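*Asks:* After the structure tokens below, expect a handful of questions from me.
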Amino acid sequence: MSAPLLGSCHCQAVTFTLDAPIENTVTCNCSICGRAGAVYLFVPESAVTITSGADNLTDYQFGKKAIHHTFCTTCGVRTHGFGEDEKGNMTYAINLRTVEGIDVDSLESMKYDGKS
């Protein structure tokens with residue numbers, strides 16, 4: 001798949017480009033990710049460009065409030081989240097279900113036990 005890839009929420013109010021290989025994907029079973037059904041790709045901030053709708057995103061945080069779980073205020077779709085990694089670098093978690101042309105069912109994702 002050639003980069004950059006295009007992604008969006010359901011109503012297209014929030015759009016973005018992703019310039020990163022699709023590898024080392026993650027599914028998490030925590031109380032929020034499990035309900036959302038997202039398949040995540042963690043990338044550096046430089047790999048993501050929000051091309052429209054940044055002002056149409058709202059932020060939800062819980063627990064330690066270390067991760068910003070964003071979603072479209074119009075349709076409610078969760079395109080991405082972001083936070084700092086263990087080295088202090090801003091990292092984005094892209095919900096691959098919102099990226100065009102990605103068959104998430106064909107990906108072998110690492111299972112992360114966020115519930116525990």
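Note on naming: chains are A, B, ... as they come in the structure tokens, residues start from 1 per chain, ligands start from 1 in the order shown.
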Excluding A:Thr79 and any residue of its chain fewer than 5 positions from it, enumerate the residues within 7 Å of it, using only C-alpha atoms, and give them as a list in words.
*Replies:*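 Surrounding residues, per the criterion: Ser8, Cys9, Phe71, Ile94, Asn95 and Thr98 of chain A.
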*Asks:* Can you tell me, as a PyMOL selection string, what residues are no more than 10 Å from A:Gly81 when counting only C-alpha atoms, ignoring any on the same chain fewer than 3 positions away?
*Replies:* chain A and resi 40+42+59-61+67-71+78+91-95
*Asks:* Using only C-alpha atoms, which of A:Gly114, A:Pro4, A:Gly83, A:Gly76 sits nearest A:Thr17?
*Replies:*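 So, comparing all the options, the nearest one is A:Pro4.
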*Asks:* Any idea what's packed within 12 Å of A:Val99, counting only C-alpha atoms, ignoring anything in its chain fewer than 5 positions away? Could you give it as a PDB file with all heavy atoms, in the first residue's frame?
*Replies:*
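File out-v7.pdb, as written:
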```pdb
ATOM      1  N   MET A   1       0.846  -1.163   0.000  1.00  0.00           N
ATOM      2  CA  MET A   1       0.000   0.000   0.000  1.00  0.00           C
ATOM      3  C   MET A   1       0.897   1.233   0.000  1.00  0.00           C
ATOM      4  O   MET A   1       1.821   1.327   0.781  1.00  0.00           O
ATOM      5  CB  MET A   1      -0.878  -0.043   1.244  1.00  0.00           C
ATOM      6  CG  MET A   1      -2.060   0.840   1.163  1.00  0.00           C
ATOM      7  SD  MET A   1      -3.373   0.251   2.241  1.00  0.00           S
ATOM      8  CE  MET A   1      -4.262  -0.750   1.092  1.00  0.00           C
ATOM      9  N   ALA A   3       1.940   5.143   0.500  1.00  0.00           N
ATOM     10  CA  ALA A   3       1.620   6.264   1.387  1.00  0.00           C
ATOM     11  C   ALA A   3       1.637   7.545   0.570  1.00  0.00           C
ATOM     12  O   ALA A   3       2.274   7.592  -0.463  1.00  0.00           O
ATOM     13  CB  ALA A   3       2.634   6.322   2.516  1.00  0.00           C
ATOM     14  N   PRO A   4       0.977   8.608   0.968  1.00  0.00           N
ATOM     15  CA  PRO A   4       0.169   8.632   2.184  1.00  0.00           C
ATOM     16  C   PRO A   4      -1.209   8.010   1.978  1.00  0.00           C
ATOM     17  O   PRO A   4      -1.769   8.061   0.887  1.00  0.00           O
ATOM     18  CB  PRO A   4       0.044  10.120   2.499  1.00  0.00           C
ATOM     19  CG  PRO A   4       0.135  10.796   1.181  1.00  0.00           C
ATOM     20  CD  PRO A   4       1.049   9.935   0.345  1.00  0.00           C
ATOM     21  N   LEU A   5      -1.703   7.427   3.033  1.00  0.00           N
ATOM     22  CA  LEU A   5      -3.040   6.850   3.033  1.00  0.00           C
ATOM     23  C   LEU A   5      -4.026   7.896   3.525  1.00  0.00           C
ATOM     24  O   LEU A   5      -3.663   8.797   4.282  1.00  0.00           O
ATOM     25  CB  LEU A   5      -3.064   5.628   3.953  1.00  0.00           C
ATOM     26  CG  LEU A   5      -2.092   4.509   3.576  1.00  0.00           C
ATOM     27  CD1 LEU A   5      -2.043   3.470   4.682  1.00  0.00           C
ATOM     28  CD2 LEU A   5      -2.492   3.889   2.264  1.00  0.00           C
ATOM     29  N   LEU A   6      -5.266   7.766   3.100  1.00  0.00           N
ATOM     30  CA  LEU A   6      -6.305   8.720   3.488  1.00  0.00           C
ATOM     31  C   LEU A   6      -7.235   8.087   4.508  1.00  0.00           C
ATOM     32  O   LEU A   6      -7.571   6.907   4.413  1.00  0.00           O
ATOM     33  CB  LEU A   6      -7.106   9.148   2.261  1.00  0.00           C
ATOM     34  CG  LEU A   6      -6.306   9.738   1.105  1.00  0.00           C
ATOM     35  CD1 LEU A   6      -7.213  10.021  -0.077  1.00  0.00           C
ATOM     36  CD2 LEU A   6      -5.567  10.985   1.542  1.00  0.00           C
ATOM     37  N   GLY A   7      -7.657   8.882   5.470  1.00  0.00           N
ATOM     38  CA  GLY A   7      -8.588   8.403   6.477  1.00  0.00           C
ATOM     39  C   GLY A   7      -9.592   9.467   6.838  1.00  0.00           C
ATOM     40  O   GLY A   7      -9.373  10.655   6.564  1.00  0.00           O
ATOM     41  N   SER A   8     -10.692   9.035   7.436  1.00  0.00           N
ATOM     42  CA  SER A   8     -11.719   9.997   7.839  1.00  0.00           C
ATOM     43  C   SER A   8     -12.690   9.349   8.814  1.00  0.00           C
ATOM     44  O   SER A   8     -12.753   8.127   8.943  1.00  0.00           O
ATOM     45  CB  SER A   8     -12.506  10.491   6.627  1.00  0.00           C
ATOM     46  OG  SER A   8     -13.305   9.451   6.102  1.00  0.00           O
ATOM     47  N   CYS A   9     -13.473  10.218   9.439  1.00  0.00           N
ATOM     48  CA  CYS A   9     -14.600   9.745  10.226  1.00  0.00           C
ATOM     49  C   CYS A   9     -15.728   9.409   9.247  1.00  0.00           C
ATOM     50  O   CYS A   9     -15.584   9.582   8.038  1.00  0.00           O
ATOM     51  CB  CYS A   9     -15.035  10.818  11.225  1.00  0.00           C
ATOM     52  SG  CYS A   9     -15.646  12.329  10.451  1.00  0.00           S
ATOM     53  N   HIS A  10     -16.850   8.942   9.746  1.00  0.00           N
ATOM     54  CA  HIS A  10     -17.963   8.536   8.896  1.00  0.00           C
ATOM     55  C   HIS A  10     -18.543   9.684   8.081  1.00  0.00           C
ATOM     56  O   HIS A  10     -18.815   9.553   6.898  1.00  0.00           O
ATOM     57  CB  HIS A  10     -19.066   7.892   9.748  1.00  0.00           C
ATOM     58  CG  HIS A  10     -20.191   7.361   8.939  1.00  0.00           C
ATOM     59  ND1 HIS A  10     -21.361   8.063   8.767  1.00  0.00           N
ATOM     60  CD2 HIS A  10     -20.318   6.214   8.228  1.00  0.00           C
ATOM     61  CE1 HIS A  10     -22.166   7.361   7.997  1.00  0.00           C
ATOM     62  NE2 HIS A  10     -21.562   6.232   7.660  1.00  0.00           N
ATOM     63  N   GLN A  12     -17.094  12.462   7.233  1.00  0.00           N
ATOM     64  CA  GLN A  12     -16.032  13.154   6.493  1.00  0.00           C
ATOM     65  C   GLN A  12     -15.699  14.536   7.057  1.00  0.00           C
ATOM     66  O   GLN A  12     -14.970  15.295   6.427  1.00  0.00           O
ATOM     67  CB  GLN A  12     -16.382  13.284   5.010  1.00  0.00           C
ATOM     68  CG  GLN A  12     -16.691  11.979   4.307  1.00  0.00           C
ATOM     69  CD  GLN A  12     -15.438  11.189   3.988  1.00  0.00           C
ATOM     70  OE1 GLN A  12     -14.465  11.731   3.483  1.00  0.00           O
ATOM     71  NE2 GLN A  12     -15.451   9.905   4.274  1.00  0.00           N
ATOM     72  N   VAL A  14     -13.899  15.035   9.701  1.00  0.00           N
ATOM     73  CA  VAL A  14     -12.501  14.900  10.104  1.00  0.00           C
ATOM     74  C   VAL A  14     -11.803  14.032   9.069  1.00  0.00           C
ATOM     75  O   VAL A  14     -12.230  12.895   8.813  1.00  0.00           O
ATOM     76  CB  VAL A  14     -12.376  14.248  11.500  1.00  0.00           C
ATOM     77  CG1 VAL A  14     -10.916  14.048  11.878  1.00  0.00           C
ATOM     78  CG2 VAL A  14     -13.109  15.071  12.549  1.00  0.00           C
ATOM     79  N   THR A  15     -10.762  14.574   8.452  1.00  0.00           N
ATOM     80  CA  THR A  15      -9.975  13.819   7.483  1.00  0.00           C
ATOM     81  C   THR A  15      -8.501  13.926   7.849  1.00  0.00           C
ATOM     82  O   THR A  15      -8.076  14.894   8.485  1.00  0.00           O
ATOM     83  CB  THR A  15     -10.193  14.320   6.037  1.00  0.00           C
ATOM     84  OG1 THR A  15      -9.782  15.688   5.949  1.00  0.00           O
ATOM     85  CG2 THR A  15     -11.655  14.180   5.621  1.00  0.00           C
ATOM     86  N   PHE A  16      -7.746  12.925   7.437  1.00  0.00           N
ATOM     87  CA  PHE A  16      -6.317  12.925   7.747  1.00  0.00           C
ATOM     88  C   PHE A  16      -5.557  12.105   6.717  1.00  0.00           C
ATOM     89  O   PHE A  16      -6.142  11.313   5.978  1.00  0.00           O
ATOM     90  CB  PHE A  16      -6.060  12.376   9.155  1.00  0.00           C
ATOM     91  CG  PHE A  16      -6.473  10.950   9.361  1.00  0.00           C
ATOM     92  CD1 PHE A  16      -5.569   9.910   9.188  1.00  0.00           C
ATOM     93  CD2 PHE A  16      -7.770  10.625   9.738  1.00  0.00           C
ATOM     94  CE1 PHE A  16      -5.948   8.594   9.376  1.00  0.00           C
ATOM     95  CE2 PHE A  16      -8.157   9.321   9.932  1.00  0.00           C
ATOM     96  CZ  PHE A  16      -7.243   8.296   9.747  1.00  0.00           C
ATOM     97  N   THR A  17      -4.252  12.326   6.683  1.00  0.00           N
ATOM     98  CA  THR A  17      -3.371  11.470   5.898  1.00  0.00           C
ATOM     99  C   THR A  17      -2.435  10.753   6.861  1.00  0.00           C
ATOM    100  O   THR A  17      -2.106  11.260   7.931  1.00  0.00           O
ATOM    101  CB  THR A  17      -2.549  12.258   4.860  1.00  0.00           C
ATOM    102  OG1 THR A  17      -1.734  13.221   5.531  1.00  0.00           O
ATOM    103  CG2 THR A  17      -3.451  12.930   3.843  1.00  0.00           C
ATOM    104  N   LEU A  18      -2.029   9.571   6.457  1.00  0.00           N
ATOM    105  CA  LEU A  18      -1.146   8.721   7.244  1.00  0.00           C
ATOM    106  C   LEU A  18       0.006   8.307   6.355  1.00  0.00           C
ATOM    107  O   LEU A  18      -0.202   7.743   5.273  1.00  0.00           O
ATOM    108  CB  LEU A  18      -1.907   7.481   7.730  1.00  0.00           C
ATOM    109  CG  LEU A  18      -1.098   6.384   8.396  1.00  0.00           C
ATOM    110  CD1 LEU A  18      -0.447   6.882   9.676  1.00  0.00           C
ATOM    111  CD2 LEU A  18      -1.986   5.181   8.675  1.00  0.00           C
ATOM    112  N   ASP A  19       1.212   8.608   6.762  1.00  0.00           N
ATOM    113  CA  ASP A  19       2.403   8.267   5.989  1.00  0.00           C
ATOM    114  C   ASP A  19       3.272   7.325   6.823  1.00  0.00           C
ATOM    115  O   ASP A  19       4.254   7.747   7.449  1.00  0.00           O
ATOM    116  CB  ASP A  19       3.168   9.536   5.621  1.00  0.00           C
ATOM    117  CG  ASP A  19       4.216   9.292   4.549  1.00  0.00           C
ATOM    118  OD1 ASP A  19       4.372   8.133   4.116  1.00  0.00           O
ATOM    119  OD2 ASP A  19       4.876  10.257   4.143  1.00  0.00           O
ATOM    120  N   ALA A  20       2.868   6.056   6.854  1.00  0.00           N
ATOM    121  CA  ALA A  20       3.578   5.050   7.647  1.00  0.00           C
ATOM    122  C   ALA A  20       3.217   3.663   7.135  1.00  0.00           C
ATOM    123  O   ALA A  20       2.111   3.460   6.631  1.00  0.00           O
ATOM    124  CB  ALA A  20       3.192   5.166   9.122  1.00  0.00           C
ATOM    125  N   ILE A  22       1.946  -0.134   7.339  1.00  0.00           N
ATOM    126  CA  ILE A  22       0.940  -0.791   8.175  1.00  0.00           C
ATOM    127  C   ILE A  22       1.559  -2.077   8.715  1.00  0.00           C
ATOM    128  O   ILE A  22       1.568  -3.117   8.058  1.00  0.00           O
ATOM    129  CB  ILE A  22      -0.349  -1.094   7.375  1.00  0.00           C
ATOM    130  CG1 ILE A  22      -0.858   0.168   6.683  1.00  0.00           C
ATOM    131  CG2 ILE A  22      -1.412  -1.694   8.290  1.00  0.00           C
ATOM    132  CD1 ILE A  22      -1.165   1.324   7.593  1.00  0.00           C
ATOM    133  N   ALA A  38     -11.587  -0.873  17.801  1.00  0.00           N
ATOM    134  CA  ALA A  38     -10.534  -0.306  16.960  1.00  0.00           C
ATOM    135  C   ALA A  38      -9.355  -1.255  16.797  1.00  0.00           C
ATOM    136  O   ALA A  38      -9.070  -2.075  17.669  1.00  0.00           O
ATOM    137  CB  ALA A  38     -10.048   1.011  17.549  1.00  0.00           C
ATOM    138  N   VAL A  39      -8.683  -1.134  15.662  1.00  0.00           N
ATOM    139  CA  VAL A  39      -7.393  -1.776  15.409  1.00  0.00           C
ATOM    140  C   VAL A  39      -6.424  -0.615  15.230  1.00  0.00           C
ATOM    141  O   VAL A  39      -6.596   0.216  14.330  1.00  0.00           O
ATOM    142  CB  VAL A  39      -7.429  -2.656  14.150  1.00  0.00           C
ATOM    143  CG1 VAL A  39      -6.051  -3.235  13.868  1.00  0.00           C
ATOM    144  CG2 VAL A  39      -8.459  -3.759  14.305  1.00  0.00           C
ATOM    145  N   TYR A  40      -5.427  -0.531  16.095  1.00  0.00           N
ATOM    146  CA  TYR A  40      -4.558   0.644  16.140  1.00  0.00           C
ATOM    147  C   TYR A  40      -3.208   0.415  15.486  1.00  0.00           C
ATOM    148  O   TYR A  40      -2.629  -0.662  15.557  1.00  0.00           O
ATOM    149  CB  TYR A  40      -4.318   1.070  17.587  1.00  0.00           C
ATOM    150  CG  TYR A  40      -5.540   1.609  18.259  1.00  0.00           C
ATOM    151  CD1 TYR A  40      -6.177   0.885  19.254  1.00  0.00           C
ATOM    152  CD2 TYR A  40      -6.068   2.840  17.907  1.00  0.00           C
ATOM    153  CE1 TYR A  40      -7.305   1.370  19.889  1.00  0.00           C
ATOM    154  CE2 TYR A  40      -7.203   3.342  18.525  1.00  0.00           C
ATOM    155  CZ  TYR A  40      -7.811   2.603  19.510  1.00  0.00           C
ATOM    156  OH  TYR A  40      -8.933   3.086  20.132  1.00  0.00           O
ATOM    157  N   LEU A  41      -2.721   1.497  14.897  1.00  0.00           N
ATOM    158  CA  LEU A  41      -1.351   1.589  14.413  1.00  0.00           C
ATOM    159  C   LEU A  41      -0.731   2.767  15.145  1.00  0.00           C
ATOM    160  O   LEU A  41      -1.234   3.892  15.052  1.00  0.00           O
ATOM    161  CB  LEU A  41      -1.317   1.830  12.904  1.00  0.00           C
ATOM    162  CG  LEU A  41       0.074   2.036  12.304  1.00  0.00           C
ATOM    163  CD1 LEU A  41       0.892   0.742  12.395  1.00  0.00           C
ATOM    164  CD2 LEU A  41      -0.036   2.504  10.864  1.00  0.00           C
ATOM    165  N   VAL A  48       1.303  11.755  10.726  1.00  0.00           N
ATOM    166  CA  VAL A  48      -0.128  12.047  10.625  1.00  0.00           C
ATOM    167  C   VAL A  48      -0.335  13.533  10.356  1.00  0.00           C
ATOM    168  O   VAL A  48       0.288  14.375  11.001  1.00  0.00           O
ATOM    169  CB  VAL A  48      -0.866  11.666  11.926  1.00  0.00           C
ATOM    170  CG1 VAL A  48      -2.349  11.987  11.831  1.00  0.00           C
ATOM    171  CG2 VAL A  48      -0.646  10.218  12.263  1.00  0.00           C
ATOM    172  N   ARG A  78     -14.266   7.453  16.143  1.00  0.00           N
ATOM    173  CA  ARG A  78     -12.954   7.639  16.772  1.00  0.00           C
ATOM    174  C   ARG A  78     -11.866   7.375  15.736  1.00  0.00           C
ATOM    175  O   ARG A  78     -11.544   6.229  15.464  1.00  0.00           O
ATOM    176  CB  ARG A  78     -12.824   6.678  17.935  1.00  0.00           C
ATOM    177  CG  ARG A  78     -13.957   6.792  18.938  1.00  0.00           C
ATOM    178  CD  ARG A  78     -14.093   5.561  19.803  1.00  0.00           C
ATOM    179  NE  ARG A  78     -12.857   5.217  20.466  1.00  0.00           N
ATOM    180  CZ  ARG A  78     -12.459   5.756  21.618  1.00  0.00           C
ATOM    181  NH1 ARG A  78     -13.201   6.637  22.217  1.00  0.00           N
ATOM    182  NH2 ARG A  78     -11.319   5.408  22.159  1.00  0.00           N
ATOM    183  N   THR A  79     -11.310   8.429  15.181  1.00  0.00           N
ATOM    184  CA  THR A  79     -10.282   8.269  14.150  1.00  0.00           C
ATOM    185  C   THR A  79      -8.911   7.996  14.734  1.00  0.00           C
ATOM    186  O   THR A  79      -8.124   7.270  14.144  1.00  0.00           O
ATOM    187  CB  THR A  79     -10.192   9.519  13.255  1.00  0.00           C
ATOM    188  OG1 THR A  79      -9.989  10.671  14.082  1.00  0.00           O
ATOM    189  CG2 THR A  79     -11.441   9.680  12.410  1.00  0.00           C
ATOM    190  N   HIS A  80      -8.622   8.569  15.891  1.00  0.00           N
ATOM    191  CA  HIS A  80      -7.295   8.424  16.474  1.00  0.00           C
ATOM    192  C   HIS A  80      -7.292   8.856  17.930  1.00  0.00           C
ATOM    193  O   HIS A  80      -8.237   9.472  18.413  1.00  0.00           O
ATOM    194  CB  HIS A  80      -6.267   9.252  15.694  1.00  0.00           C
ATOM    195  CG  HIS A  80      -6.478  10.729  15.798  1.00  0.00           C
ATOM    196  ND1 HIS A  80      -7.454  11.400  15.075  1.00  0.00           N
ATOM    197  CD2 HIS A  80      -5.871  11.664  16.559  1.00  0.00           C
ATOM    198  CE1 HIS A  80      -7.410  12.676  15.370  1.00  0.00           C
ATOM    199  NE2 HIS A  80      -6.468  12.873  16.279  1.00  0.00           N
ATOM    200  N   ILE A  94      -3.629   5.469  15.437  1.00  0.00           N
ATOM    201  CA  ILE A  94      -4.586   5.611  14.347  1.00  0.00           C
ATOM    202  C   ILE A  94      -5.519   4.408  14.338  1.00  0.00           C
ATOM    203  O   ILE A  94      -5.058   3.259  14.339  1.00  0.00           O
ATOM    204  CB  ILE A  94      -3.861   5.709  12.986  1.00  0.00           C
ATOM    205  CG1 ILE A  94      -2.915   6.903  12.971  1.00  0.00           C
ATOM    206  CG2 ILE A  94      -4.857   5.772  11.837  1.00  0.00           C
ATOM    207  CD1 ILE A  94      -3.578   8.240  13.140  1.00  0.00           C
ATOM    208  N   VAL A 104      -8.703  -4.639   7.835  1.00  0.00           N
ATOM    209  CA  VAL A 104      -8.201  -4.915   9.180  1.00  0.00           C
ATOM    210  C   VAL A 104      -8.342  -6.388   9.556  1.00  0.00           C
ATOM    211  O   VAL A 104      -7.580  -6.889  10.378  1.00  0.00           O
ATOM    212  CB  VAL A 104      -8.853  -4.010  10.250  1.00  0.00           C
ATOM    213  CG1 VAL A 104      -8.487  -2.563  10.034  1.00  0.00           C
ATOM    214  CG2 VAL A 104     -10.343  -4.201  10.305  1.00  0.00           C
TER     215      VAL A 104
END
```
*Asks:* Residues within 10 Å of A:Cys11, please, as an MDAnalysis selection string. Count only C-alpha atoms; anything in the same chain fewer than 5 positions from it doesn't count.
*Replies:* chainID A and resid 72 74:77
*Asks:* Tell me, which residues of chain A carry DSSP helix (DSSP H, G or I), written as a list of chain:residue names?
*Replies:*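 The residues of chain A classed as helix (DSSP H, G or I) are A:Cys33, A:Gly34, A:Arg35, A:Ala36, A:Glu45, A:Ser46, A:Ala47, A:Ala54, A:Asp55, A:Asn56, A:Leu96, A:Arg97, A:Thr98, A:Val104, A:Asp105, A:Ser106.
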*Asks:* What's the separation between atom CA of A:Thr73 and atom CA of A:Cys33, in Å to one decimal place?
*Replies:*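 Taking atom CA of A:Thr73 and atom CA of A:Cys33, their separation equals 18.1 Å.
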*Asks:* Nearest to A:Ala47: which of A:Lys115, A:Gly101, A:Met90, A:Gly63 is it, counting only C-alpha atoms?
*Replies:* A:Met90
*Asks:* Just how far from atom CA of A:Arg97 is atom CA of A:Ala36, in Å to one decimal?
*Replies:*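 It comes out at 10.3 Å.
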